[in-house]
Every structure is written in C-alpha cells, then in structure tokens.
file coords31.cif (mmCIF, C-alpha atoms and all ligand atoms)
data_upload
loop_
_atom_site.group_PDB
_atom_site.id
_atom_site.type_symbol
_atom_site.label_atom_id
_atom_site.label_comp_id
_atom_site.auth_asym_id
_atom_site.auth_seq_id
_atom_site.Cartn_x
_atom_site.Cartn_y
_atom_site.Cartn_z
ATOM 1 C CA MET A 1 48.567 -2.211 -37.072
ATOM 2 C CA LYS A 2 46.133 0.524 -36.093
ATOM 3 C CA VAL A 3 46.155 -0.619 -32.517
ATOM 4 C CA LYS A 4 49.864 -0.232 -32.417
ATOM 5 C CA THR A 5 49.813 3.387 -33.584
ATOM 6 C CA VAL A 6 47.180 4.320 -30.996
ATOM 7 C CA LYS A 7 49.231 2.732 -28.279
ATOM 8 C CA GLY A 8 52.285 4.530 -29.510
ATOM 9 C CA SER A 9 50.701 7.953 -29.452
ATOM 10 C CA TRP A 10 49.295 7.362 -25.934
ATOM 11 C CA SER A 11 52.606 6.382 -24.461
ATOM 12 C CA PHE A 12 54.212 9.279 -26.239
ATOM 13 C CA ARG A 13 51.775 11.714 -24.576
ATOM 14 C CA THR A 14 52.015 10.268 -21.119
ATOM 15 C CA ASN A 15 55.747 10.342 -21.348
ATOM 16 C CA LYS A 16 55.651 13.963 -22.235
ATOM 17 C CA LEU A 17 53.234 14.939 -19.404
ATOM 18 C CA GLY A 18 55.012 12.799 -16.866
ATOM 19 C CA PHE A 19 53.517 10.005 -14.833
ATOM 20 C CA PRO A 20 53.160 11.854 -11.468
ATOM 21 C CA TYR A 21 51.229 14.642 -13.159
ATOM 22 C CA VAL A 22 48.709 12.266 -14.765
ATOM 23 C CA PHE A 23 48.416 10.333 -11.527
ATOM 24 C CA LEU A 24 47.525 13.505 -9.601
ATOM 25 C CA ILE A 25 44.900 14.463 -12.176
ATOM 26 C CA CYS A 26 43.361 11.021 -11.840
ATOM 27 C CA ILE A 27 43.199 11.293 -8.052
ATOM 28 C CA PHE A 28 41.703 14.772 -8.281
ATOM 29 C CA PHE A 29 38.862 13.698 -10.577
ATOM 30 C CA PHE A 30 38.204 10.578 -8.562
ATOM 31 C CA LEU A 31 37.840 12.548 -5.318
ATOM 32 C CA ALA A 32 35.783 15.283 -6.964
ATOM 33 C CA GLY A 33 33.394 12.692 -8.369
ATOM 34 C CA PHE A 34 33.165 10.793 -5.127
ATOM 35 C CA PHE A 35 32.494 13.719 -2.788
ATOM 36 C CA GLY A 36 30.374 15.471 -5.390
ATOM 37 C CA SER A 37 27.978 12.544 -5.589
ATOM 38 C CA VAL A 38 27.809 12.215 -1.802
ATOM 39 C CA LEU A 39 26.875 15.886 -1.464
ATOM 40 C CA PHE A 40 24.390 15.603 -4.311
ATOM 41 C CA PHE A 41 22.508 12.696 -2.788
ATOM 42 C CA HIS A 42 22.434 14.290 0.661
ATOM 43 C CA SER A 43 20.903 17.476 -0.645
ATOM 44 C CA GLN A 44 18.211 15.429 -2.409
ATOM 45 C CA ASP A 45 17.380 13.483 0.707
ATOM 46 C CA ASP A 46 16.915 16.611 2.780
ATOM 47 C CA GLY A 47 14.105 18.011 0.670
ATOM 48 C CA HIS A 48 11.136 16.328 2.330
ATOM 49 C CA GLY A 49 8.437 15.030 0.074
ATOM 50 C CA MET A 50 9.789 15.441 -3.423
ATOM 51 C CA ARG A 51 11.842 12.297 -3.310
ATOM 52 C CA PRO A 52 9.799 9.766 -1.411
ATOM 53 C CA GLY A 53 12.620 8.161 0.453
ATOM 54 C CA PRO A 54 13.556 4.641 -0.462
ATOM 55 C CA ARG A 55 15.567 4.933 2.749
ATOM 56 C CA LEU A 56 12.252 4.896 4.649
ATOM 57 C CA LEU A 57 11.323 1.646 2.981
ATOM 58 C CA GLU A 58 13.393 -1.400 2.260
ATOM 59 C CA SER A 59 16.577 0.398 1.346
ATOM 60 C CA SER A 60 17.984 -1.985 -1.108
ATOM 61 C CA THR A 61 21.223 -3.869 -1.071
ATOM 62 C CA GLU A 62 20.120 -5.511 -4.281
ATOM 63 C CA GLU A 63 21.163 -2.677 -6.561
ATOM 64 C CA THR A 64 24.174 -4.634 -7.668
ATOM 65 C CA GLU A 65 22.173 -7.794 -8.341
ATOM 66 C CA TYR A 66 19.874 -6.036 -10.785
ATOM 67 C CA ASN A 67 21.243 -3.790 -13.433
ATOM 68 C CA LEU A 68 19.500 -0.588 -12.494
ATOM 69 C CA LEU A 69 18.315 1.680 -15.234
ATOM 70 C CA LEU A 70 18.601 5.405 -14.936
ATOM 71 C CA ALA A 71 15.216 6.472 -13.556
ATOM 72 C CA GLY A 72 13.156 9.427 -14.688
ATOM 73 C CA GLU A 73 13.052 12.584 -12.585
ATOM 74 C CA SER A 74 10.080 11.334 -10.584
ATOM 75 C CA GLY A 75 11.424 7.793 -10.241
ATOM 76 C CA ASP A 76 13.832 6.016 -7.907
ATOM 77 C CA ASN A 77 17.410 5.004 -8.486
ATOM 78 C CA SER A 78 16.917 1.958 -6.298
ATOM 79 C CA ILE A 79 14.949 -1.270 -6.308
ATOM 80 C CA THR A 80 11.872 -1.568 -4.084
ATOM 81 C CA SER A 81 10.939 -5.053 -3.100
ATOM 82 C CA ILE A 82 7.510 -5.687 -1.569
ATOM 83 C CA PRO A 83 6.736 -9.418 -1.547
ATOM 84 C CA PHE A 84 3.149 -10.470 -2.133
ATOM 85 C CA GLN A 85 1.017 -13.541 -2.688
ATOM 86 C CA VAL A 86 -1.905 -13.629 -5.113
ATOM 87 C CA LEU A 87 -4.748 -14.865 -2.917
ATOM 88 C CA SER A 88 -7.378 -14.758 -5.598
ATOM 89 C CA TRP A 89 -8.109 -13.485 -9.120
ATOM 90 C CA GLN A 90 -11.847 -13.271 -8.453
ATOM 91 C CA PRO A 91 -11.727 -10.811 -6.780
ATOM 92 C CA ARG A 92 -8.218 -9.545 -7.506
ATOM 93 C CA ALA A 93 -6.701 -9.893 -4.053
ATOM 94 C CA LEU A 94 -3.063 -9.695 -2.970
ATOM 95 C CA HIS A 95 -1.559 -10.496 0.401
ATOM 96 C CA PHE A 96 1.561 -8.663 1.599
ATOM 97 C CA PRO A 97 3.222 -10.523 4.478
ATOM 98 C CA ASN A 98 5.135 -8.238 6.885
ATOM 99 C CA PHE A 99 4.071 -5.091 5.097
ATOM 100 C CA ALA A 100 4.528 -3.086 8.308
ATOM 101 C CA THR A 101 6.747 -3.649 11.328
ATOM 102 C CA ALA A 102 5.378 -4.501 14.786
ATOM 103 C CA GLU A 103 6.472 -1.045 16.022
ATOM 104 C CA GLN A 104 4.588 0.681 13.204
ATOM 105 C CA CYS A 105 1.435 -1.308 14.026
ATOM 106 C CA GLU A 106 1.663 -0.487 17.725
ATOM 107 C CA SER A 107 2.191 3.173 16.984
ATOM 108 C CA ILE A 108 -0.932 3.294 14.789
ATOM 109 C CA VAL A 109 -3.073 1.567 17.443
ATOM 110 C CA ASP A 110 -1.854 4.093 20.021
ATOM 111 C CA ILE A 111 -2.853 7.091 17.935
ATOM 112 C CA ALA A 112 -6.234 5.565 17.085
ATOM 113 C CA LYS A 113 -7.192 4.724 20.669
ATOM 114 C CA ALA A 114 -7.765 8.378 21.517
ATOM 115 C CA GLY A 115 -10.441 8.983 18.870
ATOM 116 C CA LEU A 116 -12.451 5.741 18.682
ATOM 117 C CA LYS A 117 -16.181 6.009 17.936
ATOM 118 C CA PRO A 118 -18.757 3.392 16.884
ATOM 119 C CA SER A 119 -18.357 2.752 13.135
ATOM 120 C CA THR A 120 -21.059 4.015 10.814
ATOM 121 C CA LEU A 121 -22.500 2.813 7.495
ATOM 122 C CA ALA A 122 -23.168 4.559 4.209
ATOM 123 C CA LEU A 123 -26.956 4.235 4.114
ATOM 124 C CA ARG A 124 -28.915 3.093 1.079
ATOM 125 C CA LYS A 125 -32.432 4.232 0.158
ATOM 126 C CA GLY A 126 -34.795 3.141 2.929
ATOM 127 C CA GLU A 127 -32.024 2.374 5.419
ATOM 128 C CA THR A 128 -31.785 4.117 8.781
ATOM 129 C CA GLU A 129 -29.305 3.879 11.633
ATOM 130 C CA ASP A 130 -31.903 1.857 13.519
ATOM 131 C CA ASN A 131 -32.709 -0.774 10.894
ATOM 132 C CA THR A 132 -29.016 -1.307 10.080
ATOM 133 C CA LYS A 133 -27.940 -1.905 13.668
ATOM 134 C CA GLY A 134 -25.740 -4.967 14.046
ATOM 135 C CA ILE A 135 -24.373 -4.962 10.487
ATOM 136 C CA ARG A 136 -21.188 -3.209 11.532
ATOM 137 C CA THR A 137 -20.362 -3.326 15.198
ATOM 138 C CA SER A 138 -16.736 -2.193 15.312
ATOM 139 C CA SER A 139 -15.394 1.120 16.588
ATOM 140 C CA GLY A 140 -13.234 3.295 14.429
ATOM 141 C CA VAL A 141 -11.630 6.604 13.656
ATOM 142 C CA PHE A 142 -10.479 8.370 10.492
ATOM 143 C CA ILE A 143 -6.900 9.660 10.634
ATOM 144 C CA SER A 144 -5.028 11.171 7.708
ATOM 145 C CA ALA A 145 -1.294 10.663 7.333
ATOM 146 C CA SER A 146 -0.640 14.354 8.010
ATOM 147 C CA GLU A 147 -2.437 14.134 11.366
ATOM 148 C CA ASP A 148 -0.072 11.431 12.590
ATOM 149 C CA LYS A 149 2.829 13.318 14.127
ATOM 150 C CA THR A 150 4.898 10.146 14.496
ATOM 151 C CA GLY A 151 5.103 9.916 10.692
ATOM 152 C CA THR A 152 4.137 6.228 10.670
ATOM 153 C CA LEU A 153 1.002 6.636 8.558
ATOM 154 C CA GLU A 154 3.021 8.706 6.102
ATOM 155 C CA VAL A 155 5.460 5.838 5.580
ATOM 156 C CA ILE A 156 2.649 3.282 5.264
ATOM 157 C CA GLU A 157 0.696 5.456 2.848
ATOM 158 C CA GLU A 158 3.746 5.922 0.657
ATOM 159 C CA LYS A 159 4.355 2.180 0.630
ATOM 160 C CA ILE A 160 0.729 1.465 -0.294
ATOM 161 C CA ALA A 161 1.045 3.911 -3.196
ATOM 162 C CA ARG A 162 4.114 2.046 -4.420
ATOM 163 C CA ALA A 163 2.483 -1.360 -4.050
ATOM 164 C CA THR A 164 -0.622 -0.280 -5.982
ATOM 165 C CA MET A 165 1.012 2.333 -8.245
ATOM 166 C CA ILE A 166 -2.023 4.490 -7.519
ATOM 167 C CA PRO A 167 -1.002 7.957 -6.304
ATOM 168 C CA ARG A 168 -1.572 8.849 -2.666
ATOM 169 C CA THR A 169 -3.944 11.618 -3.769
ATOM 170 C CA HIS A 170 -6.533 8.930 -4.562
ATOM 171 C CA GLY A 171 -6.699 7.624 -0.999
ATOM 172 C CA GLU A 172 -9.205 8.485 1.686
ATOM 173 C CA ALA A 173 -7.878 9.059 5.197
ATOM 174 C CA PHE A 174 -7.016 5.845 7.065
ATOM 175 C CA ASN A 175 -9.998 4.297 8.802
ATOM 176 C CA ILE A 176 -8.646 2.520 11.856
ATOM 177 C CA LEU A 177 -10.983 -0.052 13.336
ATOM 178 C CA ARG A 178 -11.190 -2.119 16.470
ATOM 179 C CA TYR A 179 -13.275 -5.289 16.676
ATOM 180 C CA GLU A 180 -13.794 -6.764 20.121
ATOM 181 C CA ILE A 181 -15.117 -10.240 20.867
ATOM 182 C CA GLY A 182 -18.326 -10.863 18.913
ATOM 183 C CA GLN A 183 -17.917 -7.765 16.749
ATOM 184 C CA ARG A 184 -18.225 -8.198 13.009
ATOM 185 C CA TYR A 185 -18.976 -6.573 9.686
ATOM 186 C CA ASN A 186 -21.536 -8.321 7.476
ATOM 187 C CA SER A 187 -20.533 -8.869 3.857
ATOM 188 C CA HIS A 188 -20.756 -5.748 1.735
ATOM 189 C CA TYR A 189 -19.151 -3.924 -1.169
ATOM 190 C CA ASP A 190 -16.745 -1.055 -0.679
ATOM 191 C CA ALA A 191 -17.666 0.397 -4.076
ATOM 192 C CA PHE A 192 -20.963 2.290 -4.256
ATOM 193 C CA ASN A 193 -23.375 0.867 -6.798
ATOM 194 C CA PRO A 194 -25.101 3.829 -8.505
ATOM 195 C CA SER A 195 -28.357 1.847 -8.677
ATOM 196 C CA GLU A 196 -28.419 1.683 -4.863
ATOM 197 C CA TYR A 197 -26.613 4.829 -3.777
ATOM 198 C CA GLY A 198 -27.319 7.177 -6.699
ATOM 199 C CA PRO A 199 -24.776 8.538 -9.195
ATOM 200 C CA GLN A 200 -21.192 8.627 -7.906
ATOM 201 C CA LYS A 201 -18.649 11.275 -8.898
ATOM 202 C CA SER A 202 -15.907 9.086 -7.523
ATOM 203 C CA ASN A 203 -15.929 5.466 -6.493
ATOM 204 C CA ARG A 204 -13.808 3.201 -4.348
ATOM 205 C CA MET A 205 -11.735 1.101 -6.733
ATOM 206 C CA ALA A 206 -9.533 -0.757 -4.273
ATOM 207 C CA SER A 207 -9.105 -1.310 -0.546
ATOM 208 C CA PHE A 208 -5.910 -1.868 1.383
ATOM 209 C CA LEU A 209 -6.212 -3.409 4.847
ATOM 210 C CA LEU A 210 -3.283 -3.390 7.235
ATOM 211 C CA TYR A 211 -3.761 -5.770 10.153
ATOM 212 C CA LEU A 212 -2.417 -4.148 13.306
ATOM 213 C CA THR A 213 -2.773 -7.081 15.718
ATOM 214 C CA ASP A 214 -2.785 -10.836 15.701
ATOM 215 C CA VAL A 215 -6.204 -12.247 16.528
ATOM 216 C CA GLN A 216 -6.259 -15.467 18.536
ATOM 217 C CA GLU A 217 -9.423 -16.734 16.889
ATOM 218 C CA GLY A 218 -11.900 -15.385 14.335
ATOM 219 C CA GLY A 219 -11.815 -11.927 12.795
ATOM 220 C CA GLU A 220 -10.911 -13.173 9.322
ATOM 221 C CA THR A 221 -11.625 -11.032 6.290
ATOM 222 C CA MET A 222 -13.960 -13.178 4.196
ATOM 223 C CA PHE A 223 -14.780 -13.163 0.489
ATOM 224 C CA PRO A 224 -17.862 -15.406 0.232
ATOM 225 C CA PHE A 225 -18.099 -15.098 -3.582
ATOM 226 C CA GLU A 226 -14.453 -15.877 -4.305
ATOM 227 C CA ASN A 227 -14.106 -17.603 -7.677
ATOM 228 C CA GLY A 228 -17.866 -17.213 -8.253
ATOM 229 C CA LEU A 229 -18.900 -19.511 -5.376
ATOM 230 C CA ASN A 230 -22.095 -19.080 -3.307
ATOM 231 C CA MET A 231 -23.509 -16.617 -5.806
ATOM 232 C CA ASP A 232 -26.794 -18.454 -6.382
ATOM 233 C CA GLY A 233 -28.698 -15.967 -4.210
ATOM 234 C CA SER A 234 -28.815 -18.124 -1.093
ATOM 235 C CA TYR A 235 -26.034 -16.291 0.757
ATOM 236 C CA GLY A 236 -27.289 -14.324 3.765
ATOM 237 C CA TYR A 237 -24.438 -11.812 4.283
ATOM 238 C CA GLU A 238 -23.689 -13.050 7.797
ATOM 239 C CA SER A 239 -22.095 -16.454 7.446
ATOM 240 C CA CYS A 240 -18.385 -16.600 7.421
ATOM 241 C CA ILE A 241 -17.652 -18.621 4.271
ATOM 242 C CA GLY A 242 -15.522 -18.543 1.137
ATOM 243 C CA LEU A 243 -11.955 -17.274 1.090
ATOM 244 C CA LYS A 244 -10.963 -16.306 4.636
ATOM 245 C CA VAL A 245 -7.872 -14.201 5.307
ATOM 246 C CA ARG A 246 -6.460 -14.587 8.754
ATOM 247 C CA PRO A 247 -5.417 -11.295 10.360
ATOM 248 C CA ARG A 248 -1.723 -11.262 11.247
ATOM 249 C CA LYS A 249 0.003 -8.262 12.752
ATOM 250 C CA GLY A 250 1.821 -6.286 10.066
ATOM 251 C CA ASP A 251 0.327 -8.108 7.068
ATOM 252 C CA GLY A 252 -1.435 -6.206 4.297
ATOM 253 C CA LEU A 253 -4.367 -7.206 2.100
ATOM 254 C CA LEU A 254 -5.201 -5.431 -1.141
ATOM 255 C CA PHE A 255 -8.259 -6.142 -3.234
ATOM 256 C CA TYR A 256 -9.943 -4.407 -6.133
ATOM 257 C CA SER A 257 -13.670 -3.624 -6.032
ATOM 258 C CA LEU A 258 -13.807 -2.409 -9.625
ATOM 259 C CA PHE A 259 -12.872 -4.236 -12.800
ATOM 260 C CA PRO A 260 -10.361 -2.507 -15.061
ATOM 261 C CA ASN A 261 -13.356 -1.234 -17.075
ATOM 262 C CA GLY A 262 -14.715 0.575 -14.009
ATOM 263 C CA THR A 263 -17.741 -1.630 -13.266
ATOM 264 C CA ILE A 264 -18.164 -3.309 -9.879
ATOM 265 C CA ASP A 265 -16.621 -6.767 -9.463
ATOM 266 C CA PRO A 266 -19.418 -8.821 -7.829
ATOM 267 C CA THR A 267 -16.865 -11.179 -6.277
ATOM 268 C CA SER A 268 -15.353 -8.295 -4.252
ATOM 269 C CA LEU A 269 -18.113 -8.773 -1.666
ATOM 270 C CA HIS A 270 -16.391 -9.153 1.706
ATOM 271 C CA GLY A 271 -16.900 -8.888 5.430
ATOM 272 C CA SER A 272 -15.253 -9.373 8.780
ATOM 273 C CA CYS A 273 -16.002 -12.629 10.610
ATOM 274 C CA PRO A 274 -16.785 -12.114 14.298
ATOM 275 C CA VAL A 275 -13.815 -12.041 16.629
ATOM 276 C CA ILE A 276 -13.963 -15.146 18.832
ATOM 277 C CA LYS A 277 -10.878 -14.680 20.946
ATOM 278 C CA GLY A 278 -8.664 -11.617 21.250
ATOM 279 C CA GLU A 279 -9.045 -8.201 19.698
ATOM 280 C CA LYS A 280 -8.720 -7.170 16.064
ATOM 281 C CA TRP A 281 -7.270 -3.856 14.956
ATOM 282 C CA VAL A 282 -7.058 -2.978 11.305
ATOM 283 C CA ALA A 283 -6.175 0.148 9.311
ATOM 284 C CA THR A 284 -8.140 0.492 6.072
ATOM 285 C CA LYS A 285 -7.208 2.710 3.152
ATOM 286 C CA TRP A 286 -9.933 3.114 0.556
ATOM 287 C CA ILE A 287 -8.532 4.039 -2.806
ATOM 288 C CA ARG A 288 -10.717 5.962 -5.254
ATOM 289 C CA ASP A 289 -10.811 6.178 -9.020
ATOM 290 C CA GLN A 290 -10.722 9.993 -8.781
ATOM 291 C CA GLU A 291 -8.427 12.213 -6.777
ATOM 292 C CA GLN A 292 -9.706 12.721 -3.280
ATOM 293 C CA TYR A 293 -9.838 16.214 -1.789
ATOM 294 C CA ASP A 294 -10.428 16.219 1.970
HETATM 295 C C1 LIG A 301 -16.447 -5.079 -17.530
HETATM 296 O O1 LIG A 301 -15.508 -6.098 -17.277
HETATM 297 C C2 LIG A 301 -16.035 -7.291 -16.738
HETATM 298 C C3 LIG A 301 -14.889 -8.216 -16.394
HETATM 299 O O2 LIG A 301 -13.998 -8.349 -17.434
HETATM 300 C C4 LIG A 301 -17.034 -7.901 -17.713
HETATM 301 O O3 LIG A 301 -17.567 -9.080 -17.172
HETATM 302 C C5 LIG A 301 -18.122 -6.888 -17.972
HETATM 303 O O4 LIG A 301 -19.025 -7.405 -18.933
HETATM 304 C C6 LIG A 301 -17.563 -5.572 -18.459
HETATM 305 N N1 LIG A 301 -18.635 -4.601 -18.516
HETATM 306 C C7 LIG A 301 -18.730 -3.677 -19.445
HETATM 307 C C8 LIG A 301 -19.889 -2.759 -19.348
HETATM 308 O O5 LIG A 301 -17.921 -3.570 -20.329
#

call {"tool": "encode", "arguments": {"input": "coords31.cif", "output": "structure tokens", "more": "lines below"}}
Ligand SMILES: *[C@@H]1O[C@H](CO)[C@@H](O)[C@H](O)[C@H]1NC(C)=O
result
Amino acid sequence: MKVKTVKGSWSFRTNKLGFPYVFLICIFFFLAGFFGSVLFFHSQDDGHGMRPGPRLLESSTEETEYNLLLAGESGDNSITSIPFQVLSWQPRALHFPNFATAEQCESIVDIAKAGLKPSTLALRKGETEDNTKGIRTSSGVFISASEDKTGTLEVIEEKIARATMIPRTHGEAFNILRYEIGQRYNSHYDAFNPSEYGPQKSNRMASFLLYLTDVQEGGETMFPFENGLNMDGSYGYESCIGLKVRPRKGDGLLFYSLFPNGTIDPTSLHGSCPVIKGEKWVATKWIRDQEQYD
C-alpha cells in the first residue's frame, strides 16, 4: 500500500513539472558531474609529487574487478599490482619479475657509465684498503633519483617504496654497479653490526637490487646461509653456494637484513658470484630503519 502512495506522488510531481524539463535537468547534472570529475583529476595529476602517479606505474584496468574503497588523502584510488615470488623466508627475500622495463634498465646503465669508480668497502676495525683488496672488485657510482634528469630512477624509487611500503625518505641514493668477467663480491652483511662497526644511529634494514642486464653465466646473488644451511662455521665467504638468484634484466630482488625486532638476521649474508660470461649491471637501493638525509 505504501509503495503505491509513493509512486503516486512521484508521478504526480513529474506530471506537474513536465517530462522535458526533468529530462533537461538530468542531462545538465550528468554533464556537470562528468566534466567536473575530468577537470578535477587533471588538476591533481599536474601537481608533481603530491600524488605519486599510478599512471607512471601499472595504470590499472582492474579497478572494475576489485571493488575499490575510497582511499585516504595520501592514498591511491587505483589498484597497484606488483607480482612477486617469495624466494625464501630465511632470509626474507622476494623476487619481482619484470619490475622495470628494458628501456628503464638501459637508461640507468647509460647514466651510470659516466661516473663509474672502483667500489669501496665499509671498513671494520683493523681493516685497510690494502688488506681488503679482492673482496669487492666491481665498479660503481652513487646516483640519487633527483640527479637523474630522465626521471627513470624517480619512477623506480617510487615503485620500490610501494613494494616495500617503506617511505622513499629511508633510502640511500642508488648504488649502480658493474661486474665484469671474474668480478665478484664476497659474502657479507648489508646491515652494520655494532660489535664490529661501533654503535649505529641508523642501520640498513633491507636491500632492493634491480638487475639491469642479463648475464650469460655467473653473477648470481647468493645467500649461502639460506634456511640456516652452511652455518657451522666452515663457510669461507668466497664459495658460491646456497640460494642463488640469477640476474635477469628488469627483475628485482628484495631482502631484509634486520628481523622485525631490529636485530640482524644472520641468514641475510649474501654475495655476488663471479661473472663467468657477459657483464652484470645492478642498481642497489639500501633502505634504512631511520630517515636518510643526504
Ligand atoms: C629477534 O628476533 C629473532 C627472530 O625472530 C629472534 O631469533 C631473536 O631472539 C630476537 N632477539 C631479541 C633480542 O629479541
């Protein structure tokens, strides 16, 4: 009965206003809404920086597949999809196939070529440049995203921040490395153990490696202690054993050097096996537990 009366009053009103009039009002509000939203989104896109552009990343056609929630002011009204494979839980290591495009990789290698220098080591008590020769034989250069005028490192850095959910302000500048045939990096920790390096105000909690080239043979990133293996004290830091990650152009590798409680994960020991054939280029982003100012 109620339904009927509602219907009756509606048709009464529309009859009084006249169909063409209501139709025009509908069209007006539809167009206003449509163009209004277009203008609104354009003006947001133009402000560089504030809205890290999903359009730079995988702009998503999946919005309709998922029921998007309304995001907060600092969030995205789109779905980001970054596929990954869990390579290991000890250490916590994720592999991101096709994290970067071939063009992005080539662009990064080009910028790095200009500034290459022999890589250095953070020295422990009693270590000198002379007695640590041969541990790390690559060449490298530090480049921050803002120094890359092509904008490629900016896009990669933003994507790393999304994949890790650790703000960009925690990252060191990219360290871009080249390993030629025979070049290597003996197994080591990225985090600094206070008992060896003294007290640390800030430590490296995670590392993201972006492989910039395919390597024909060798050059794997190795985790000799993966799943607690080879930890009986017999491991000599040179042999290429344990979990080995093959470098493939555009792939990303993320691993955590610290446990959630902030202590060093002993299984995060890793190194670079010698390149046997080809040339290995990799961009490393060290992510710290404190904001990084430099
Ligand atoms: C920190 O976490 C690790 C891994 O869960 C655990 O083995 C270790 O005992 C913890 N250390 C401290 C000091 O809580």

call {"tool": "closest_residue", "arguments": {"input": "coords31.cif", "among": "A:Ser146, A:Thr221, A:Ser81, A:Thr169", "to": "A:Glu291", "atoms": "all atoms listed in the file"}}
result
A:Thr169

call {"tool": "residues_near_ligand", "arguments": {"input": "coords31.cif", "ligand": "ligand LIG 301 (chain A)", "cutoff": "6 Å", "atoms": "all atoms listed in the file", "output": "ChimeraX atom specification"}}
result
/A:259,261,263

call {"tool": "atom_distance", "arguments": {"input": "coords31.cif", "atom1": "atom CA of A:Asn203", "atom2": "atom CA of A:Ser88"}}
result
22.0 Å

call {"tool": "resolve_selection", "arguments": {"input": "coords31.cif", "expression": "the PyMOL selection byres (((chain A and resi 246) around 8) and not hetatm)", "output": "mmCIF file with C-alpha atoms, keeping the file's coordinate frame"}}
result
data_model
loop_
_atom_site.group_PDB
_atom_site.id
_atom_site.type_symbol
_atom_site.label_atom_id
_atom_site.label_comp_id
_atom_site.auth_asym_id
_atom_site.auth_seq_id
_atom_site.Cartn_x
_atom_site.Cartn_y
_atom_site.Cartn_z
ATOM 1 C CA GLY A 218 -11.900 -15.385 14.335
ATOM 2 C CA GLY A 219 -11.815 -11.927 12.795
ATOM 3 C CA GLU A 220 -10.911 -13.173 9.322
ATOM 4 C CA THR A 221 -11.625 -11.032 6.290
ATOM 5 C CA LYS A 244 -10.963 -16.306 4.636
ATOM 6 C CA VAL A 245 -7.872 -14.201 5.307
ATOM 7 C CA PRO A 247 -5.417 -11.295 10.360
ATOM 8 C CA ARG A 248 -1.723 -11.262 11.247
#

call {"tool": "closest_residue", "arguments": {"input": "coords31.cif", "among": "A:Gly271, A:Pro167, A:Gly250, A:Gly262", "to": "A:Glu103", "atoms": "all atoms listed in the file"}}
result
A:Gly250

call {"tool": "atom_distance", "arguments": {"input": "coords31.cif", "atom1": "atom CA of A:Ser138", "atom2": "atom CA of A:Gly233"}}
result
26.7 Å

call {"tool": "resolve_selection", "arguments": {"input": "coords31.cif", "expression": "the PyMOL selection byres (((chain A and resi 240) around 6) and not hetatm)", "output": "mmCIF file with C-alpha atoms, keeping the file's coordinate frame"}}
result
data_model
loop_
_atom_site.group_PDB
_atom_site.id
_atom_site.type_symbol
_atom_site.label_atom_id
_atom_site.label_comp_id
_atom_site.auth_asym_id
_atom_site.auth_seq_id
_atom_site.Cartn_x
_atom_site.Cartn_y
_atom_site.Cartn_z
ATOM 1 C CA SER A 239 -22.095 -16.454 7.446
ATOM 2 C CA ILE A 241 -17.652 -18.621 4.271
ATOM 3 C CA CYS A 273 -16.002 -12.629 10.610
#

call {"tool": "residues_around", "arguments": {"input": "coords31.cif", "residues": "A:Gly198", "least_positions_apart": "5", "cutoff": "12 Å", "atoms": "all atoms listed in the file", "output": "list in words"}}
result
Ala122, Leu123, Arg124, Lys125, Phe192, Asn193 and Asn203 of chain A

call {"tool": "axis_aligned_box", "arguments": {"input": "coords31.cif", "around": "stretch 235-238 of chain A", "padding_each_side": "8 Å", "output": "AutoDock Vina command-line options"}}
result
--center_x -25.5 --center_y -14.1 --center_z 4.3 --size_x 19.6 --size_y 20.5 --size_z 23.0

call {"tool": "closest_residue", "arguments": {"input": "coords31.cif", "among": "A:Leu212, A:Met205, A:Ala102, A:Val275", "to": "A:Glu180", "atoms": "all atoms listed in the file"}}
result
A:Val275

call {"tool": "atom_distance", "arguments": {"input": "coords31.cif", "atom1": "atom CA of A:Tyr197", "atom2": "atom CA of A:Ala161"}}
result
27.7 Å

call {"tool": "closest_residue", "arguments": {"input": "coords31.cif", "among": "A:Lys113, A:Arg184, A:Arg204, A:Lys249", "to": "A:Ile276", "atoms": "all atoms listed in the file"}}
result
A:Arg184

call {"tool": "closest_residue", "arguments": {"input": "coords31.cif", "among": "A:Phe84, A:Phe99, A:Phe208, A:Trp89", "to": "A:Thr267", "atoms": "all atoms listed in the file"}}
result
A:Trp89

call {"tool": "closest_residue", "arguments": {"input": "coords31.cif", "among": "A:Ala114, A:Lys285, A:Ile264, A:Pro97", "to": "A:Pro194", "atoms": "only C-alpha atoms"}}
result
A:Ile264

call {"tool": "resolve_selection", "arguments": {"input": "coords31.cif", "expression": "the PyMOL selection byres (((chain A and resi 117) around 8) and not hetatm)", "output": "VMD selection string"}}
result
chain A and resid 115 to 116 118 to 119 139 to 141

call {"tool": "residues_near_point", "arguments": {"input": "coords31.cif", "point": "(-4.3, -6.6, 2.5)", "cutoff": "9 Å", "atoms": "only C-alpha atoms", "output": "PyMOL selection string"}}
result
chain A and resi 93-97+99+207-211+245+251-255+284

call {"tool": "residues_around", "arguments": {"input": "coords31.cif", "residues": "A:Phe225", "least_positions_apart": "3", "cutoff": "7 Å", "atoms": "all atoms listed in the file", "output": "number ranges by chain"}}
result
A: 228-231, 242, 267, 269
